[in-house]
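Okay, target_11.txt now, which holds compact mmCIF, C-alpha atoms:
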# COMPACT_ATOMS: atom_id res chain seq x y z
CA MET F 19 7.76 59.96 87.53
CA THR F 20 5.03 61.84 85.68
CA GLU F 21 1.54 60.39 85.60
CA ARG F 22 1.94 59.58 81.91
CA SER F 23 5.20 57.68 82.40
CA THR F 24 3.69 55.84 85.38
CA ASN F 25 0.71 54.74 83.28
CA ILE F 26 3.04 53.56 80.51
CA SER F 27 5.10 51.60 83.05
CA LEU F 28 1.99 49.95 84.50
CA ARG F 29 0.79 48.88 81.06
CA ILE F 30 4.19 47.46 80.12
CA LEU F 31 4.26 45.55 83.41
CA SER F 32 0.82 44.26 82.43
CA LEU F 33 2.35 43.10 79.13
CA SER F 34 4.99 41.17 81.07
CA TYR F 35 2.17 39.46 82.98
CA PHE F 36 0.46 38.67 79.66
CA THR F 37 3.55 37.03 78.18
CA MET F 38 4.10 35.14 81.43
CA GLY F 39 0.51 33.90 81.50
CA THR F 40 0.51 32.92 77.82
CA GLY F 41 3.86 31.17 78.15
CA THR F 42 2.68 29.11 81.12
CA LEU F 43 -0.77 28.26 79.70
CA ALA F 44 0.30 27.47 76.13
CA ILE F 45 0.99 23.81 76.94
CA VAL F 46 -2.75 23.36 77.54
CA GLY F 47 -3.65 24.65 74.07
CA THR F 48 -0.92 22.70 72.23
CA LEU F 49 -1.14 19.46 74.26
CA PRO F 50 -2.55 17.24 71.46
CA GLU F 51 0.08 18.37 68.94
CA ILE F 52 2.98 17.92 71.40
CA ALA F 53 1.78 14.47 72.43
CA ALA F 54 1.41 13.33 68.82
CA SER F 55 4.71 14.84 67.66
CA LEU F 56 6.85 13.31 70.43
CA SER F 57 4.79 10.08 70.73
CA LEU F 58 3.87 10.86 74.33
CA GLU F 59 0.82 10.03 76.41
CA ARG F 60 -1.40 13.07 76.84
CA GLY F 61 -1.25 12.57 80.59
CA ALA F 62 2.53 12.94 80.49
CA VAL F 63 2.23 16.26 78.64
CA ALA F 64 -0.50 17.41 81.03
CA MET F 65 1.87 16.71 83.92
CA LEU F 66 4.05 19.53 82.58
CA VAL F 67 1.36 22.00 83.68
CA SER F 68 1.37 20.65 87.24
CA MET F 69 5.16 20.57 87.30
CA LEU F 70 5.36 24.22 86.22
CA ALA F 71 2.82 25.13 88.92
CA VAL F 72 4.89 23.37 91.58
CA THR F 73 8.08 25.05 90.32
CA PHE F 74 6.38 28.44 90.56
CA ALA F 75 4.91 27.78 94.01
CA VAL F 76 8.28 26.80 95.47
CA SER F 77 10.41 29.33 93.60
CA ALA F 78 8.38 32.53 94.13
CA PRO F 79 9.11 32.85 97.88
CA GLY F 80 12.54 31.25 97.40
CA LEU F 81 13.58 33.95 94.95
CA GLN F 82 12.48 36.62 97.42
CA MET F 83 14.90 35.12 99.95
CA VAL F 84 17.77 34.75 97.50
CA ALA F 85 17.37 37.93 95.45
CA GLY F 86 14.49 39.92 96.95
CA GLN F 87 16.77 42.91 97.61
CA TRP F 88 17.75 43.19 93.95
CA PRO F 89 16.15 45.94 91.83
CA ARG F 90 12.68 44.68 90.91
CA ARG F 91 13.20 45.79 87.31
CA THR F 92 16.30 43.55 87.13
CA LEU F 93 14.42 40.57 88.54
CA ILE F 94 11.62 40.99 85.98
CA LEU F 95 14.12 41.19 83.13
CA ILE F 96 15.85 38.02 84.39
CA GLY F 97 12.46 36.34 84.69
CA LEU F 98 11.49 37.28 81.14
CA ALA F 99 14.86 36.03 79.88
CA LEU F 100 14.27 32.68 81.61
CA MET F 101 10.73 32.55 80.19
CA ALA F 102 12.15 33.18 76.71
CA VAL F 103 14.76 30.44 77.16
CA GLY F 104 11.98 28.14 78.34
CA ALA F 105 9.84 28.97 75.30
CA PHE F 106 12.67 28.51 72.81
CA GLY F 107 13.79 25.35 74.63
CA THR F 108 10.25 23.99 74.36
CA ALA F 109 10.16 24.83 70.65
CA LEU F 110 13.41 22.95 70.04
CA ALA F 111 12.85 20.04 72.47
CA PRO F 112 13.68 16.69 70.80
CA ASN F 113 12.30 14.60 73.67
CA TYR F 114 10.39 14.67 76.94
CA ALA F 115 13.47 15.22 79.11
CA VAL F 116 14.38 18.46 77.32
CA LEU F 117 10.73 19.52 77.27
CA PHE F 118 10.56 18.95 81.04
CA ALA F 119 13.71 21.00 81.66
CA ALA F 120 12.41 23.81 79.44
CA ARG F 121 9.17 24.02 81.43
CA VAL F 122 11.10 24.09 84.72
CA CYS F 123 13.07 27.04 83.30
CA ALA F 124 9.80 28.75 82.33
CA GLY F 125 8.42 28.15 85.82
CA LEU F 126 11.48 29.75 87.40
CA GLY F 127 11.09 32.74 85.09
CA ALA F 128 7.41 33.10 85.91
CA ALA F 129 8.21 33.08 89.63
CA ALA F 130 10.51 36.07 89.07
CA ILE F 131 7.87 37.98 87.08
CA GLY F 132 4.42 37.69 88.65
CA PRO F 133 4.84 38.81 92.28
CA VAL F 134 7.70 41.17 91.40
CA ALA F 135 5.71 42.93 88.66
CA SER F 136 2.84 43.42 91.10
CA ALA F 137 5.18 44.76 93.79
CA LEU F 138 6.88 47.13 91.35
CA GLY F 139 3.55 48.37 90.02
CA ALA F 140 2.29 49.07 93.53
CA SER F 141 5.50 50.95 94.38
CA LEU F 142 5.08 53.36 91.45
CA VAL F 143 1.95 55.04 92.84
CA ALA F 144 0.70 56.58 96.06
CA GLN F 145 -0.88 54.24 98.60
CA GLU F 146 -4.44 55.28 97.75
CA ARG F 147 -3.86 54.26 94.11
CA GLN F 148 -2.19 50.92 94.78
CA GLY F 149 -5.40 48.97 94.25
CA HIS F 150 -5.84 50.55 90.82
CA ALA F 151 -2.19 49.88 89.92
CA LEU F 152 -2.44 46.22 90.97
CA ALA F 153 -5.60 45.80 88.87
CA VAL F 154 -3.90 47.33 85.81
CA VAL F 155 -0.83 45.12 86.15
CA PHE F 156 -2.85 41.96 86.81
CA SER F 157 -5.07 42.64 83.79
CA GLY F 158 -2.28 41.13 81.69
CA MET F 159 -2.86 37.78 83.37
CA THR F 160 -6.61 38.17 82.89
CA ILE F 161 -6.18 38.72 79.16
CA ALA F 162 -3.72 35.83 78.95
CA SER F 163 -6.26 33.52 80.55
CA VAL F 164 -8.79 34.61 77.90
CA LEU F 165 -6.55 34.60 74.83
CA GLY F 166 -3.52 32.50 75.82
CA VAL F 167 -5.06 29.03 75.48
CA PRO F 168 -7.22 29.78 72.38
CA LEU F 169 -4.31 31.50 70.59
CA SER F 170 -1.88 28.70 71.44
CA ALA F 171 -4.46 26.11 70.35
CA TRP F 172 -4.94 27.95 67.05
CA GLY F 173 -1.19 28.33 66.60
CA GLY F 174 -0.57 24.67 67.38
CA ALA F 175 -3.11 23.59 64.78
CA ALA F 176 -2.31 26.19 62.09
CA LEU F 177 1.46 26.70 62.50
CA GLY F 178 2.60 23.77 64.59
CA TRP F 179 3.47 23.74 68.28
CA ARG F 180 7.17 24.46 67.74
CA PRO F 181 6.63 27.74 65.80
CA THR F 182 3.97 28.69 68.36
CA PHE F 183 6.43 28.46 71.25
CA ALA F 184 9.09 30.22 69.20
CA LEU F 185 6.66 33.13 68.70
CA ILE F 186 5.96 33.17 72.44
CA GLY F 187 9.71 33.41 73.01
CA VAL F 188 9.96 36.36 70.61
CA ALA F 189 7.00 38.12 72.29
CA THR F 190 8.65 37.59 75.69
CA LEU F 191 11.87 39.21 74.46
CA ILE F 192 9.87 42.16 73.10
CA ALA F 193 8.25 42.61 76.52
CA ALA F 194 11.71 42.53 78.11
CA GLY F 195 12.95 45.18 75.66
CA LEU F 196 10.02 47.46 76.43
CA ILE F 197 10.65 47.16 80.17
CA ALA F 198 14.34 47.90 79.67
CA ILE F 199 13.47 51.05 77.70
CA PHE F 200 10.39 52.45 79.43
CA VAL F 201 10.40 51.18 83.04
CA ASP F 202 13.13 53.25 84.63
CA ASN F 203 12.49 52.43 88.29
CA ARG F 204 15.62 50.75 89.66
CA GLU F 205 14.71 50.61 93.34
CA GLY F 206 15.47 47.41 95.19
CA GLY F 207 12.93 45.27 96.95
CA GLU F 208 13.00 44.06 100.52
CA ARG F 209 15.80 41.81 101.72
CA VAL F 210 14.01 38.65 102.79
CA ARG F 211 15.50 36.14 105.22
CA PRO F 212 14.07 32.76 106.25
CA SER F 213 13.20 34.39 109.58
CA ASP F 214 11.06 36.93 107.68
CA LEU F 215 9.14 34.10 106.02
CA ALA F 216 8.68 32.46 109.41
CA ALA F 217 7.46 35.74 110.90
CA ILE F 218 4.87 36.20 108.14
CA ALA F 219 3.74 32.59 108.60
CA ARG F 220 3.40 33.08 112.38
CA ARG F 221 1.41 36.30 112.01
CA PRO F 222 -2.26 35.23 112.15
CA ALA F 223 -3.53 38.00 109.87
CA THR F 224 -1.15 37.22 107.00
CA ALA F 225 -1.19 33.43 107.46
CA ALA F 226 -4.99 33.39 107.32
CA GLY F 227 -4.84 35.86 104.41
CA ILE F 228 -2.70 33.44 102.39
CA ALA F 229 -5.15 30.66 103.29
CA VAL F 230 -7.93 32.78 101.74
CA MET F 231 -6.06 32.69 98.41
CA VAL F 232 -5.46 28.92 98.52
CA LEU F 233 -9.07 28.16 99.44
CA GLU F 234 -10.58 30.55 96.89
CA MET F 235 -8.55 29.08 94.03
CA SER F 236 -9.30 25.54 95.23
CA GLY F 237 -13.01 26.33 95.26
CA VAL F 238 -12.95 27.86 91.79
CA PHE F 239 -10.86 25.11 90.19
CA VAL F 240 -12.90 22.22 91.59
CA THR F 241 -15.64 23.23 89.16
CA TYR F 242 -13.59 25.04 86.50
CA THR F 243 -11.49 21.93 85.84
CA MET F 244 -14.62 20.19 84.53
CA ILE F 245 -16.43 23.23 83.14
CA THR F 246 -16.44 21.86 79.59
CA LEU F 247 -18.12 18.65 80.74
CA ILE F 248 -20.59 20.61 82.90
CA LEU F 249 -21.61 22.79 79.96
CA ARG F 250 -21.90 19.77 77.68
CA ASP F 251 -23.56 17.21 79.93
CA ARG F 252 -25.55 19.40 82.33
CA PHE F 253 -26.58 22.25 80.04
CA GLY F 254 -26.59 20.44 76.69
CA ALA F 255 -24.03 22.68 75.01
CA GLY F 256 -22.43 21.46 71.80
CA PRO F 257 -18.82 22.23 70.83
CA GLU F 258 -19.62 25.67 69.41
CA ALA F 259 -21.80 26.57 72.39
CA VAL F 260 -19.04 25.52 74.78
CA SER F 261 -16.51 27.69 72.92
CA THR F 262 -18.95 30.61 72.98
CA ALA F 263 -19.54 30.18 76.70
CA LEU F 264 -15.82 30.11 77.48
CA MET F 265 -15.23 33.19 75.33
CA ILE F 266 -18.03 35.03 77.18
CA PHE F 267 -16.44 33.89 80.45
CA GLY F 268 -13.13 35.38 79.36
CA LEU F 269 -14.63 38.67 78.19
CA ALA F 270 -16.55 38.96 81.44
CA GLY F 271 -13.24 38.48 83.26
CA ILE F 272 -11.78 41.47 81.43
CA GLY F 273 -14.85 43.45 82.41
CA GLY F 274 -14.36 42.27 85.99
CA ASN F 275 -10.86 43.72 85.98
CA TYR F 276 -12.27 47.14 85.11
CA VAL F 277 -14.83 46.71 87.89
CA ALA F 278 -11.92 45.98 90.25
CA ARG F 279 -10.18 49.22 89.19
CA TRP F 280 -13.34 51.21 89.90
CA VAL F 281 -13.95 49.43 93.20
CA SER F 282 -10.33 49.92 94.35
CA GLN F 283 -10.92 53.66 94.62
CA ARG F 284 -14.20 53.31 96.53
CA TRP F 285 -14.13 50.16 98.66
CA SER F 286 -11.67 48.79 101.15
CA ALA F 287 -9.78 45.67 100.04
CA ASN F 288 -11.49 43.72 102.82
CA ARG F 289 -14.95 44.68 101.56
CA ALA F 290 -14.09 43.87 97.94
CA VAL F 291 -12.73 40.42 98.86
CA THR F 292 -15.81 39.71 101.00
CA VAL F 293 -18.21 40.68 98.21
CA ALA F 294 -16.27 38.61 95.65
CA LEU F 295 -16.22 35.49 97.84
CA THR F 296 -19.93 35.85 98.63
CA ALA F 297 -20.78 36.27 94.94
CA LEU F 298 -18.75 33.18 94.01
CA THR F 299 -20.48 31.13 96.70
CA LEU F 300 -23.87 32.18 95.35
CA VAL F 301 -22.76 31.33 91.79
CA PHE F 302 -21.87 27.75 92.71
CA ALA F 303 -25.01 27.32 94.80
CA THR F 304 -27.10 28.51 91.85
CA LEU F 305 -25.08 26.31 89.48
CA PHE F 306 -26.02 23.30 91.61
CA LEU F 307 -29.72 24.25 91.74
CA ALA F 308 -30.23 25.86 88.32
CA PRO F 309 -32.33 24.19 85.63
CA ALA F 310 -30.47 22.73 82.65
CA TRP F 311 -30.91 25.90 80.58
CA TYR F 312 -27.96 27.18 78.55
CA PRO F 313 -28.73 30.92 78.98
CA ALA F 314 -28.70 30.37 82.76
CA ALA F 315 -25.21 28.89 82.47
CA LEU F 316 -24.05 31.94 80.49
CA ALA F 317 -25.44 34.32 83.12
CA LEU F 318 -23.68 32.39 85.90
CA LEU F 319 -20.39 32.40 83.98
CA ILE F 320 -20.56 36.18 83.62
CA VAL F 321 -21.08 36.68 87.37
CA TRP F 322 -18.41 34.06 88.13
CA ALA F 323 -15.79 35.74 85.94
CA THR F 324 -16.60 39.21 87.22
CA ALA F 325 -16.36 38.09 90.86
CA SER F 326 -13.09 36.22 90.25
CA ASP F 327 -11.46 39.24 88.67
CA LEU F 328 -12.72 41.48 91.43
CA PHE F 329 -11.18 39.08 93.95
CA MET F 330 -7.66 38.77 92.49
CA PRO F 331 -6.34 42.37 92.63
CA SER F 332 -8.35 43.06 95.80
CA GLN F 333 -6.68 40.08 97.50
CA GLN F 334 -3.26 41.34 96.39
CA ARG F 335 -4.06 44.81 97.74
CA ARG F 336 -5.23 43.34 101.02
CA MET F 337 -2.03 41.34 101.49
CA VAL F 338 0.11 44.42 100.78
CA GLU F 339 -1.90 46.38 103.35
CA LEU F 340 -1.42 43.62 105.94
CA ALA F 341 2.37 43.63 105.54
CA PRO F 342 3.53 46.77 103.69
CA GLU F 343 7.06 46.30 105.04
CA ALA F 344 7.26 42.88 103.29
CA ARG F 345 5.34 43.67 100.10
CA GLY F 346 7.49 41.50 97.84
CA LEU F 347 7.34 38.49 100.15
CA VAL F 348 3.59 38.52 100.74
CA LEU F 349 2.91 38.97 97.02
CA ALA F 350 5.23 36.06 96.27
CA LEU F 351 3.44 33.91 98.85
CA ASN F 352 0.09 35.01 97.44
CA SER F 353 1.23 34.03 93.92
CA SER F 354 2.42 30.65 95.20
CA ALA F 355 -0.94 30.19 96.89
CA ILE F 356 -2.68 30.69 93.53
CA TYR F 357 -0.88 27.70 92.04
CA VAL F 358 -1.29 25.58 95.19
CA GLY F 359 -5.03 26.27 95.02
CA MET F 360 -5.15 25.38 91.32
CA ALA F 361 -3.47 22.05 92.01
CA ALA F 362 -5.66 21.30 95.05
CA GLY F 363 -8.87 22.17 93.23
CA SER F 364 -7.99 20.14 90.14
CA PHE F 365 -6.98 17.16 92.29
CA THR F 366 -10.27 17.37 94.21
CA ALA F 367 -12.25 17.49 90.97
CA GLY F 368 -10.41 14.46 89.61
CA THR F 369 -11.10 12.57 92.84
CA LEU F 370 -14.79 13.46 93.23
CA TYR F 371 -15.99 13.29 89.62
CA PRO F 372 -15.48 9.54 88.99
CA VAL F 373 -17.24 8.65 92.26
CA PHE F 374 -19.98 11.26 92.74
CA GLY F 375 -20.39 12.82 89.30
CA LEU F 376 -20.51 16.41 88.10
CA SER F 377 -23.19 17.49 90.56
CA SER F 378 -20.75 17.09 93.45
CA LEU F 379 -18.32 19.68 92.13
CA PRO F 380 -20.29 22.89 92.83
CA LEU F 381 -20.95 21.60 96.35
CA ALA F 382 -17.22 21.07 96.89
CA SER F 383 -16.61 24.57 95.55
CA ILE F 384 -19.09 25.96 98.08
CA GLY F 385 -17.26 24.09 100.86
CA PHE F 386 -13.89 25.56 99.91
CA LEU F 387 -15.35 29.06 99.58
CA ALA F 388 -17.05 28.79 102.97
CA LEU F 389 -13.63 27.99 104.44
CA ALA F 390 -12.17 30.96 102.53
CA ILE F 391 -14.78 33.28 104.08
CA ALA F 392 -13.97 31.85 107.52
CA ALA F 393 -10.23 32.40 106.91
CA LEU F 394 -10.96 35.98 105.83
CA ALA F 395 -12.87 36.56 109.07
CA LEU F 396 -9.95 35.17 111.10
CA SER F 397 -7.49 37.34 109.18
CA SER F 398 -9.61 40.45 109.62
CA ARG F 399 -10.07 39.81 113.34
CA ALA F 400 -6.33 39.30 113.81
CA ALA F 401 -5.50 42.43 111.80
CA ALA F 402 -7.83 44.48 113.99
CA LYS F 403 -5.95 43.56 117.17
CA PRO F 404 -3.30 45.90 118.54
CA ALA F 405 0.14 44.99 117.18
CA SER F 406 1.39 43.77 120.55
CA LEU F 407 -1.53 41.39 121.00
CA ALA F 408 -1.33 40.11 117.40
CA THR F 409 2.36 39.37 117.83
CA ALA F 410 1.75 37.55 121.09
CA THR F 411 -1.01 35.38 119.65
Let me see the file written as C-alpha cells.
Amino acid sequence: MTERSTNISLRILSLSYFTMGTGTLAIVGTLPEIAASLSLERGAVAMLVSMLAVTFAVSAPGLQMVAGQWPRRTLILIGLALMAVGAFGTALAPNYAVLFAARVCAGLGAAAIGPVASALGASLVAQERQGHALAVVFSGMTIASVLGVPLSAWGGAALGWRPTFALIGVATLIAAGLIAIFVDNREGGERVRPSDLAAIARRPATAAGIAVMVLEMSGVFVTYTMITLILRDRFGAGPEAVSTALMIFGLAGIGGNYVARWVSQRWSANRAVTVALTALTLVFATLFLAPAWYPAALALLIVWATASDLFMPSQQRRMVELAPEARGLVLALNSSAIYVGMAAGSFTAGTLYPVFGLSSLPLASIGFLALAIAALALSSRAAAKPASLATAT
C-alpha cells in the first residue's frame, strides 16, 4: 500500500471506531426520552449500558477464538452490520425485551470492531509506526466520547430517540461502505484457541499488562462516574459551567490523542504508560486537596483528559509489543479490560458515595492507580526476563 492509501485506511478505521463509540454511548444521552416513551424506570434503561459492556467484555476474546483467523476486514464489516442492526432494532423497539436484544446485538458488533480495527491498523504500517497508527485509529473513540453523548442527547430532545438511533444506523452503514471500498487489506488474523488464551493468561508480563488496563479504567471511572456532582457540589459549577467543563474535558482528550501520536515516535510504550499513570495519580491527589475554585477544576480536567488519551494508545502498543504473535487476542483482552474497569469503577463509586461522600472518590482513584503502577512494574519486570525464565515462572 502507498502511504496515502494507508493514511486513508487508518482514518476510515477511525471512523468505524467513532460509529462504534457513538452507537454504544447513545443510550446515555437518550436515557430520559427512552424511559418516558416506553414507561420504564431510568435505572432499567441505565442497565442497558452495563449489559452492553458485559456483552462486549465476554464477546471480544470469544470472537477471537471463534473467528480470529478470518480476514480482519471481514470481521469489521460483520461488526458494523451487527451494530447497524442493533441501532435500527433500538429505533424500532416496541418494548424493553426488544430493546434489550437490540443492545446485545450492538454489543456483539462492537466486540468485532474495536480490537479488530486496532489490530488491522497496526498491521498496515511498519513496527516503528504502530504506535502512531493505533493512536490514529483510536482517535475515533476519543471523538465519540466527546461528541457521542452530547449529539445523542441533542438528537433525543430535538428529533426523538427513535430517529436518533435510526441516524446512527445509517452512519454505521456508511462507515461499512467506506471500509468495503477503501480498506483493501484482506489478510487474516491469528487463529486463536482456548489454549492460546490460557497461555496469555499464564504469561506474567501479559497478565499483569491486562491488569494495568482494568485498574487504570477502574481508577478513572470511580471519579468520572460522579464528575457532574463533583463539579456542582465541590466546585460550585452551575449547569452551564458543568457543560463547559465537560466540553473542555473532551477537547483536551482530542488534544491528548495528538500528544500520543507525537510521543509514540519518541518514547517507548512503557515510558508513555508510566508517565500517563503518574500524571493521573497526581490529578486525583490534587483534586482531593485543591481549593473549591472552578478554574482549578478546569485545569485538572485538561491534564486528566490529556493523560488518559496518552495512556490508551500507549497501552495498546505495549500489549502488542508484549505478544506480537497474538496481536488480535491481546487487543481483544485489552478492550474487554476497558469495559471491566468501567463497570468496576462505576460500582465502586456507587458503593462509596452514599457512605463516605464525594471526597472519598479521588482517594479510591489513587488507590486503583497505585495498583495499576504496581501491575505495570510487575509486567515490565516479567517482560525483561529471558523467555525461558518467563515461561517457567
Would you mind listing what lies within 7 Å of F:Thr324 as a list in words, with all atoms listed in the file counted and same-chain residues fewer than 6 positions away left out?
->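 So the residues in contact are Ala270, Gly271, Gly273 and Gly274 of chain F.
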Residues near F:Ser163, cut-off 12 Å, only C-alpha atoms, skip fewer than 3 positions along chain, as a ChimeraX atom specification | /F:35-44,46-47,156-160,166-170,264-265,267-272,323,327
Enter the distance from atom CA of F:Phe329 to atom CA of F:Asn25, in Å, rounded to one decimal.
->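 So the two atoms, atom CA of F:Phe329 and atom CA of F:Asn25, lie 22.4 Å apart.
When atom CA of F:Thr369 is paired with atom CA of F:Thr48, their separation reads 25.1 Å.
Between atom CA of F:Phe200 and atom CA of F:Trp88 lies a distance of 18.7 Å.
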Top pick for closest residue to F:Tyr276, considering F:Tyr312, F:Val301, F:Ala151, F:Gly104 and counting all atoms listed in the file |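 Smallest separation from F:Tyr276 among the options: F:Ala151.
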Near-stretch 378-391 of chain F list (8 Å; all atoms listed in the file; drop same-chain fewer than 5 positions) as a PyMOL selection string | chain F and resi 229-231+233-234+236-241+292+295-296+298-299+302-303+305-306+367+370-371
Write out as a PDB file with C-alpha atoms, in the coordinates of the input the residues lying within 7 Å of F:Asn352, counting all atoms listed in the file and excluding same-chain residues fewer than 4 positions away.
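What follows is the written file result.pdb:
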ATOM      1  CA  ILE F 228      -2.700  33.440 102.390  1.00  0.00           C
ATOM      2  CA  MET F 231      -6.060  32.690  98.410  1.00  0.00           C
ATOM      3  CA  VAL F 348       3.590  38.520 100.740  1.00  0.00           C
ATOM      4  CA  ILE F 356      -2.680  30.690  93.530  1.00  0.00           C
TER       5      ILE F 356
END
Between F:Met244, F:Val201, F:Ala392, F:Ala225, which has the minimum distance to F:Ser27 (counting only C-alpha atoms)?
->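 Result for the nearest residue to F:Ser27: F:Val201.
With distances restricted to only C-alpha atoms, F:Ile266 is the closest residue to F:Leu165 from F:Ala287, F:Ile266, F:Leu247, F:Ile192.
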If we count all atoms listed in the file, what is near stretch 249-252 of chain F at a cut-off of 10 Å, once residues fewer than 2 positions away on the same chain are taken out, given as a ChimeraX atom specification?
-> /F:244-247,254-257,259-261,263-264,305,308-312,315-316,376-377
For F:Ala355, which residue among F:Thr24, F:Thr92, F:Ser77, F:Asn203 is the nearest when counting all atoms listed in the file?
-> F:Ser77
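Shortest atom-to-atom contact with F:Pro212 among F:Leu28, F:Leu347, F:Ala314, F:Ala198: F:Leu347, counting all atoms listed in the file.
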Measuring atom to atom with all atoms listed in the file, identify which of F:Ala325, F:Val281, F:Ile96, F:Ala102 is nearest to F:Ala184.
->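 Using all atoms listed in the file, F:Ala184 sits closest to F:Ala102.
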